[in-house]
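Asks: Before anything else, here's the structure in question.
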Amino acid sequence: MTGPGGSRGGSRWPALIAIGGVVGSVLANVASNLAGNVLSELAASVLGPVTIVLASGGVVGYVVYEVRRRRAGREVDPEPTEVLTIPAAGAPNLPYTAEFTGREEHVDALVGLLTREHAVAVLGRRAVGTSACAVQAANECREDFPDGQYYLDLRRRGRPRSARQVLTALARILGTAPPTSGRPDALAAAADALRGQLDGRKIVLVLDNVDRPEQVRPLLPPTARTCRLLLAGGPALVGLEGVVAHWIAEPGTSEAVELFATAGGAAPAARVRRADPRTDPAVREIVDLCGRQPRTVRALGYRTAQHGWRHSDVLDALRRAVQTPPHQRLAVSPAARLVTERDIAYRVLPRQARRLYRLMSLVPAPVDRPTIAALAGRHPELVTALLDRLAAAAFVVGAPGDRYEIRPLLAGSARLHLRDADPVRARVAAQARLTRHLARRAERHAANLAVLGSPGDREWSLPLDDDPYGWFDLHQELLLAVVRVPAGAKETLPRRVRRWWFRLAVALCGWLAYADRLDEWEQVCRTVLATPTADDRPEIAGWAHNELGVLRRRRHDPQGAAAALTLAVNERGRRGNAQARMNLGLALLDLGQLDDAVEHLEMSRRHRSGADRAGHALTDLGLGAAQLARGEPDTAHHHLVRAANTFRSVGDARGYAAALTNLVLVHAALGEHLDAAQAWRAALREYESVNDPTSRATALLNAGATLLSSTPGQARTAYELLAESRRLREETRPTAGLARTLLYLGDACAALGDRADARRHWADAAAVAEEVADAQGLAAADARLGQALKDDADSRVT
């Protein structure tokens, strides 16, 4: 026996060879008796050895075939998966359904339509149960059509009949003249003869497996007054004139479980006692992994009961086949092979469409056409045609952004087909093509992130393929799914995939950092650390630790940042060491370890390439901040001016604004109040074009504090600047910056004579500083509150 779509002719060749050997032997004997010595010697010397070779080859071939057939598990008797029981020849010939289960609402709807409509079509994807529903509905209303109930299958040996063949078969059934040719006028004449035969008679005519509208178009629209035409077919019949369509999908989970149990009840009793499928939770997941396809569910239910397989074992076999990473080898179980063999809808697809469907199961999220073309390694125009074919057959569905994905119900079945039909080498090659394509596109878009600024900083719209934020937003589910290697697969990631996978992870982290999606950013970094590549190449592990360090600084965890960045410095090479040392210096600056911070920043500057102008600017910015904190404003001014000039020349508005923000404090420390005012005004102008709320809040804080210390008469302006800084900071989690803002806001209120608001702001500053463990800010707030209480006491005494 072979699976659907197979052939029984494959087992004949060994027998034919053996028969040929016997025939050759007989001919050799006849030749030796009839001919002379010459023919006798020829027969003995030639035909004799040939006969032995042929006979031996036949025996060996038959043994090899039988061994392979048994290993494939095909020696079992066929299970009853046909849903129609065809009666003996004669009229009427409407078949009955075999063990029809569920679908009551669809059958009732069809019966209701047949009472008032002349032509009804049951539509659905291939092998979803349209034939069974149509025949069941026709049988339930047999009494309404006493003049006859007729049935015709419009497929012959799996191939669709032509319109002429359909009309010829109907003419044979109803006793009318068949069409004389395939010309339109001949078909129309035969159809008119059929209408005349049916007119005025209560007859239901079921046309099953209608693949093409052309097969039934001559019969439409039906004009018989009491005759009913019931079609069963696929989506290609949509829009037929005079036909009312009724759609059906796969059965629900409960109905599929009932199909599984009913088929198992028809199997020979097994010795092993098994649980009732209707109450076993494993069966519900089994039928879902089968895509709830009726034929597949019935076949698996029958085979499970016949062999006495435990439902948990069947489920485990299907789960392993679906969930094991495609690049890992796994023997296909008999249960998984049975599911793929009974998938009729898949087997009637063209070969290229089947391959594309299998490869799309490697993609765990919606994907656009260029990516699908890269995955399949085919021309985009061919991929577009194949996608249209798969969408028409309800294998794939569309998603926003001109993307496609396998229907969720069929995702498990597609993975089973992939493992059964494609070797590991082909699967790995497809994974590599997909990862390379995504990495290249992600790198191109990540390179534009700094140029375009933050997501909320744009009032214009760009085409999707030119907009980095739009592209990452649309494909984020796909990118994260590809980078987040499933558990147990990181250690076995194929080498030809690792390089591009790491480049994709780097580009993705760049977007996650700009989008402030810290949790996903950390998860990607830890995934990189868990791969063998991180063990083989220390610079990759160093990159991941550097990213984790930057992430922890952003989470206001300088201690954790310093620990991660120390690992990065120890693992990265000289070139990558410069970036890690700079980040470590900034983390040490946050911890107040100023000398160590300056040392690492100086080493970072020495290690950087001369062509890395942006890197030098970042290092100068860090050195300026560190030396300002160390009380060296002159040296800090030198580094900050150099950083500002470099940032401006390379077009980095964010870095330029940060350098100006720090220059405000430098000028204030040097007593250059006019320069300080010019610096903070320039910084605020830059932040109008850069959507960076945290840095803008810092600039506002520096501006307000400088005004309070240098120009007390502008306390109202300082208050407004500090109030805006507080508003920006309160949109995020509490930080030391918020505590300092509240502290200076209280100072501004005090300068304006509002002592009550000043005490309230200082009290809030003390609470925030205590929450974020800012000892210096807490001490300053407590000192101001203490002074305020003392002043109040003195005023009462006075």
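By order in the structure tokens, chains are A, B, ...; within a chain, residues start at 1; ligands start at 1, following the order shown.
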Looking only at strand (DSSP E) from DSSP on the backbone, list the matching residues of stretch 297-511 of chain A as a ChimeraX atom specification.
Replies: /A:367-368,396-399,403-406
Asks: Store the residues of this selection in a file with N, CA, C and O atoms, as a short mmCIF file (atom, residue, chain, number, x, y, z; two decimals), in the first residue's frame.
Replies:
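And here is the file that came out, again10.cif:
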```
data_model
loop_
_atom_site.label_atom_id
_atom_site.label_comp_id
_atom_site.auth_asym_id
_atom_site.auth_seq_id
_atom_site.Cartn_x
_atom_site.Cartn_y
_atom_site.Cartn_z
N VAL A 367 5.79 37.75 7.22
CA VAL A 367 7.00 38.13 6.50
C VAL A 367 6.60 38.69 5.15
O VAL A 367 5.60 38.27 4.55
N ASP A 368 7.39 39.66 4.65
CA ASP A 368 7.04 40.30 3.39
C ASP A 368 7.59 39.50 2.21
O ASP A 368 8.34 38.55 2.37
N VAL A 396 -1.98 30.05 3.32
CA VAL A 396 -1.38 31.24 3.92
C VAL A 396 -2.42 32.34 3.97
O VAL A 396 -3.40 32.32 3.21
N VAL A 397 -2.20 33.28 4.87
CA VAL A 397 -3.10 34.44 4.99
C VAL A 397 -2.25 35.70 4.97
O VAL A 397 -1.06 35.68 5.29
N GLY A 398 -2.87 36.80 4.59
CA GLY A 398 -2.18 38.06 4.53
C GLY A 398 -2.11 38.74 5.89
O GLY A 398 -2.89 38.46 6.80
N ALA A 399 -1.16 39.65 6.01
CA ALA A 399 -0.97 40.44 7.23
C ALA A 399 -0.67 41.87 6.80
O ALA A 399 -0.28 42.12 5.65
N ARG A 403 2.44 41.47 3.97
CA ARG A 403 3.15 40.32 4.51
C ARG A 403 2.24 39.10 4.51
O ARG A 403 1.01 39.21 4.41
N TYR A 404 2.86 37.94 4.64
CA TYR A 404 2.12 36.68 4.63
C TYR A 404 2.64 35.78 5.75
O TYR A 404 3.79 35.88 6.17
N GLU A 405 1.77 34.88 6.19
CA GLU A 405 2.15 33.87 7.15
C GLU A 405 1.29 32.64 6.95
O GLU A 405 0.17 32.72 6.42
N ILE A 406 1.80 31.49 7.36
CA ILE A 406 1.01 30.27 7.33
C ILE A 406 -0.13 30.40 8.34
O ILE A 406 0.05 30.95 9.43
#
```
Asks: Which polymer residues have any atom within 12 Å of an atom of stretch 705-719 of chain A, counting only C-alpha atoms, with same-chain residues fewer than 6 positions away left out, as a ChimeraX atom specification?
Replies: /A:661-681,698-699,725-726,740-754,757-758,761
Asks: Give me, as a list in words, all polymer residues having an atom no more than 10 Å from A:Asp280, counting only C-alpha atoms and skipping those fewer than 5 positions away in the same chain.
Replies: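 Counting only the stated atoms, we get Val257, Arg274, Ala275, Glu285, His311 and Ser312 of chain A.
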Asks: Any chance you could export the current selection's C-alpha atoms as a compact mmCIF listing (two decimals), in the first residue's frame?
Replies:
```txt
# COMPACT_ATOMS: atom_id res chain seq x y z
CA VAL A 257 -11.88 14.85 18.64
CA ARG A 274 -6.40 3.08 26.11
CA ALA A 275 -8.08 6.18 27.47
CA GLU A 285 -3.70 18.86 21.00
CA HIS A 311 -2.32 9.15 23.04
CA SER A 312 0.49 10.70 25.06
```
Asks: Quick one: residues within 7 Å of A:Gly124, only C-alpha atoms, excluding same-chain residues fewer than 4 positions away - as number ranges by chain?
Replies: A: 128, 130, 233-235, 247-249
Asks: Would you pick out the contacts of A:Ser604 at 7 Å or less, using only C-alpha atoms, so that residues sharing its chain but fewer than 5 positions from it are not included, and give the list as a PyMOL selection string?
Replies: chain A and resi 578-579+581-582
Asks: Could you please take those selected residues and save C-alpha atoms as a short mmCIF file (atom, residue, chain, number, x, y, z; two decimals), in the first residue's frame?
Replies:
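Output file out01.cif follows:
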```cif
data_model
loop_
_atom_site.label_atom_id
_atom_site.label_comp_id
_atom_site.auth_asym_id
_atom_site.auth_seq_id
_atom_site.Cartn_x
_atom_site.Cartn_y
_atom_site.Cartn_z
CA ALA A 578 38.05 51.46 23.28
CA GLN A 579 34.25 51.53 23.36
CA ARG A 581 36.64 51.34 28.28
CA MET A 582 34.73 54.53 27.53
#
```
Asks: What is the distance between atom CA of A:Leu174 and atom CA of A:Leu198, in Å to one decimal?
Replies: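 One can read the atom CA of A:Leu174 to atom CA of A:Leu198 distance as 8.5 Å.
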Asks: Name the residues in contact with A:Arg425 at a cut-off of 10 Å, using only C-alpha atoms, excluding same-chain residues fewer than 6 positions from it; report them as a list in words.
Replies: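 My list of contacting residues is Pro326, His327 and Gln431 of chain A.
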Asks: For atom CA of A:Ala336 and atom CA of A:Val283, quote the distance in Å rounded to one decimal.
Replies: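 Atom CA of A:Ala336 sits 14.4 Å away from atom CA of A:Val283.
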Asks: Pick out the closest residue to A:Leu167 from this set: A:Arg278, A:Arg217, A:Arg201, A:Arg605. Count only C-alpha atoms.
Replies: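 Of A:Arg278, A:Arg217, A:Arg201, A:Arg605, the one nearest A:Leu167 is A:Arg217, counting only C-alpha atoms.
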Asks: Skip stretch 358-363 of chain A itself and residues of its chain fewer than 4 positions away, then list as a list in words all residues within 8 Å of it, counting only C-alpha atoms.
Replies: Pro326, Arg354, Val367, Ile372, Leu375, Ala376, Glu405, Ile406, Ala411, Ala414, Arg415, His417, Leu418, Arg427, Ala430, Gln431, Leu478 and Val482 of chain A
Asks: Would you save the residues from that selection as a short mmCIF file (atom, residue, chain, number, x, y, z; two decimals), in the first residue's frame, using N, CA and C atoms?
Replies:
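Result file follows (result20.cif):
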```cif
data_model
loop_
_atom_site.label_atom_id
_atom_site.label_comp_id
_atom_site.auth_asym_id
_atom_site.auth_seq_id
_atom_site.Cartn_x
_atom_site.Cartn_y
_atom_site.Cartn_z
N PRO A 326 14.72 23.02 13.21
CA PRO A 326 14.86 22.38 11.90
C PRO A 326 16.27 21.92 11.58
N ARG A 354 4.42 23.67 -2.92
CA ARG A 354 4.63 22.84 -1.73
C ARG A 354 5.94 23.20 -1.05
N VAL A 367 5.79 37.75 7.22
CA VAL A 367 7.00 38.13 6.50
C VAL A 367 6.60 38.69 5.15
N ILE A 372 10.44 36.46 1.74
CA ILE A 372 10.03 35.12 1.32
C ILE A 372 10.83 34.69 0.09
N LEU A 375 14.18 33.66 1.34
CA LEU A 375 14.07 32.38 2.03
C LEU A 375 14.03 31.22 1.04
N ALA A 376 13.26 31.37 -0.01
CA ALA A 376 13.12 30.29 -0.99
C ALA A 376 14.23 30.28 -2.03
N GLU A 405 1.77 34.88 6.19
CA GLU A 405 2.15 33.87 7.15
C GLU A 405 1.29 32.64 6.95
N ILE A 406 1.80 31.49 7.36
CA ILE A 406 1.01 30.27 7.33
C ILE A 406 -0.13 30.40 8.34
N ALA A 411 0.24 25.61 11.03
CA ALA A 411 1.67 25.80 11.28
C ALA A 411 2.33 24.48 11.67
N ALA A 414 2.61 22.16 8.66
CA ALA A 414 3.67 22.61 7.74
C ALA A 414 5.04 22.19 8.24
N ARG A 415 5.27 22.27 9.55
CA ARG A 415 6.55 21.83 10.10
C ARG A 415 6.75 20.33 9.89
N HIS A 417 5.57 18.56 7.39
CA HIS A 417 5.93 18.40 5.97
C HIS A 417 7.39 18.79 5.74
N LEU A 418 7.84 19.85 6.38
CA LEU A 418 9.23 20.29 6.21
C LEU A 418 10.20 19.22 6.66
N ARG A 427 17.27 22.59 4.86
CA ARG A 427 16.68 23.45 5.90
C ARG A 427 17.68 24.48 6.39
N ALA A 430 18.17 27.24 3.86
CA ALA A 430 17.07 28.20 3.88
C ALA A 430 17.18 29.13 5.09
N GLN A 431 17.54 28.58 6.25
CA GLN A 431 17.74 29.42 7.43
C GLN A 431 18.85 30.46 7.19
N LEU A 478 9.09 39.30 13.78
CA LEU A 478 9.92 38.39 13.02
C LEU A 478 11.37 38.45 13.48
N VAL A 482 13.52 35.39 15.20
CA VAL A 482 14.71 34.79 14.59
C VAL A 482 15.91 34.85 15.53
#
```
Asks: Name the closest residue to A:Tyr656 among the candidates A:Thr635, A:Asn583, A:Arg161, A:Asp620; distances are taken between atoms, counting only C-alpha atoms.
Replies: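 Closest to A:Tyr656, using only C-alpha atoms: A:Asp620.
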